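> Mind having a look at this structure? Questions to follow.
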Amino acid sequence: MGREEQCTVRAKKVSLPDTNLYEYVKLTIHDEPADLPNGPYTVAIEGQSIPVERHLGAWISRTLP
């Protein structure tokens with residue numbers, strides 16, 4: 001496992017129809033360390049792991065819509 005850092009994540013929690021399940025969508029990541037290199041990362045929210053990628057300083061979701 002790589003490095004772990006604190007950041008602020010804002011996301012919308014959406015219930016999946018006809019289930020007791022939910023997912024997070026529209027993630028925005030803020031207050032991350034400036035020296036994070038580009039590449040794949042995992043964001044943890046309430047026990048869920050969400051794959052993201054940092055590219056040229058921007059965060060991109062690695063999951064399909």
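Residue numbering restarts at 1 for every chain of the structure tokens, chains are lettered A, B, ... in their displayed order, and ligands are numbered from 1 as they appear.
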Which residues are near Lys13 (chain A)? Cut-off 12 Å, only C-alpha atoms, ignore same chain within fewer than 5 positions. Put them as a VMD selection string.

chain A and resid 21 to 27 45 to 46 48

> Take the selection from the previous step and output its residues with N, CA and C atoms, as a JSON list (two decimals), in the first residue's frame.


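selection-v6.json, written as the output of this step:
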[["chain", "number", "residue", "atom", "x", "y", "z"],
["A", 21, "LEU", "N", -29.27, -0.11, -0.50],
["A", 21, "LEU", "CA", -27.89, 0.23, -0.83],
["A", 21, "LEU", "C", -27.79, 1.67, -1.33],
["A", 22, "TYR", "N", -26.60, 2.20, -1.28],
["A", 22, "TYR", "CA", -26.35, 3.55, -1.78],
["A", 22, "TYR", "C", -24.94, 3.61, -2.36],
["A", 23, "GLU", "N", -24.68, 4.67, -3.10],
["A", 23, "GLU", "CA", -23.34, 4.92, -3.61],
["A", 23, "GLU", "C", -23.06, 6.41, -3.54],
["A", 24, "TYR", "N", -21.80, 6.77, -3.65],
["A", 24, "TYR", "CA", -21.40, 8.17, -3.66],
["A", 24, "TYR", "C", -21.11, 8.60, -5.09],
["A", 25, "VAL", "N", -21.60, 9.77, -5.47],
["A", 25, "VAL", "CA", -21.39, 10.29, -6.82],
["A", 25, "VAL", "C", -20.93, 11.74, -6.71],
["A", 26, "LYS", "N", -20.44, 12.27, -7.80],
["A", 26, "LYS", "CA", -20.01, 13.68, -7.90],
["A", 26, "LYS", "C", -19.00, 14.05, -6.81],
["A", 27, "LEU", "N", -17.95, 13.25, -6.71],
["A", 27, "LEU", "CA", -16.90, 13.53, -5.73],
["A", 27, "LEU", "C", -16.08, 14.75, -6.13],
["A", 45, "ILE", "N", -14.65, 6.59, 2.11],
["A", 45, "ILE", "CA", -15.77, 7.35, 2.67],
["A", 45, "ILE", "C", -16.70, 6.37, 3.37],
["A", 46, "GLU", "N", -16.87, 6.53, 4.67],
["A", 46, "GLU", "CA", -17.77, 5.69, 5.46],
["A", 46, "GLU", "C", -17.59, 4.20, 5.15],
["A", 48, "GLN", "N", -16.45, 2.79, 2.51],
["A", 48, "GLN", "CA", -16.44, 2.45, 1.08],
["A", 48, "GLN", "C", -15.15, 2.96, 0.46]]

> Which residues come within 12 Å of Asp35 (chain A), counting only C-alpha atoms, excluding same-chain residues fewer than 4 positions away, as a CSV table (one decimal) with N, CA and C atoms, in the first residue's frame?


chain,number,residue,atom,x,y,z
A,3,ARG,N,1.1,5.7,0.2
A,3,ARG,CA,1.0,6.7,1.2
A,3,ARG,C,-0.5,7.0,1.5
A,5,GLU,N,-3.0,10.0,3.2
A,5,GLU,CA,-3.0,11.4,3.5
A,5,GLU,C,-4.5,11.8,3.8
A,31,ASP,N,-8.1,20.2,-0.3
A,31,ASP,CA,-7.2,20.2,0.8
A,31,ASP,C,-6.2,19.1,0.8
A,54,ARG,N,-5.4,11.0,-10.0
A,54,ARG,CA,-5.0,12.4,-10.1
A,54,ARG,C,-4.2,12.6,-11.4
A,56,LEU,N,-2.6,15.7,-13.7
A,56,LEU,CA,-2.2,17.2,-13.9
A,56,LEU,C,-2.9,18.0,-12.8
A,57,GLY,N,-3.0,17.5,-11.6
A,57,GLY,CA,-3.5,18.2,-10.5
A,57,GLY,C,-5.0,18.2,-10.3

> Run DSSP on the backbone and tell me which residues of chain A come out as strand (DSSP E or B); list them as a ChimeraX atom specification.

/A:8-15,22-30,39-45,48-55,58-61

> Rounded to one decimal, what separation in Å do you get between CA of Pro33 (chain A) and CA of Val14 (chain A)?

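These two atoms are separated by 28.2 Å.
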
> When you draw a straight line from CA of Glu53 (chain A) to CA of Asn38 (chain A), how long is it in Å?

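A separation of 7.2 Å between them.
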
> If I take CA of Thr28 (chain A) and CA of Trp59 (chain A), how far is one from the other in Å, to one decimal?

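So the answer is 7.5 Å.
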
> If we count only C-alpha atoms and set the cut-off at 8 Å, which residues sit around Thr8 (chain A), ignoring sequence neighbours fewer than 4 positions away in its own chain? Please answer as a list of chain:residue names.

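Surrounding residues, per the criterion: A:Ile29, A:His30, A:Asp31, A:Glu32.
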
> A:Val43, A:Ala34, A:Asp18, A:Gln6: which is nearest Ser61 (chain A), counting only C-alpha atoms?

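Closest to Ser61 (chain A) of all the choices is A:Val43.
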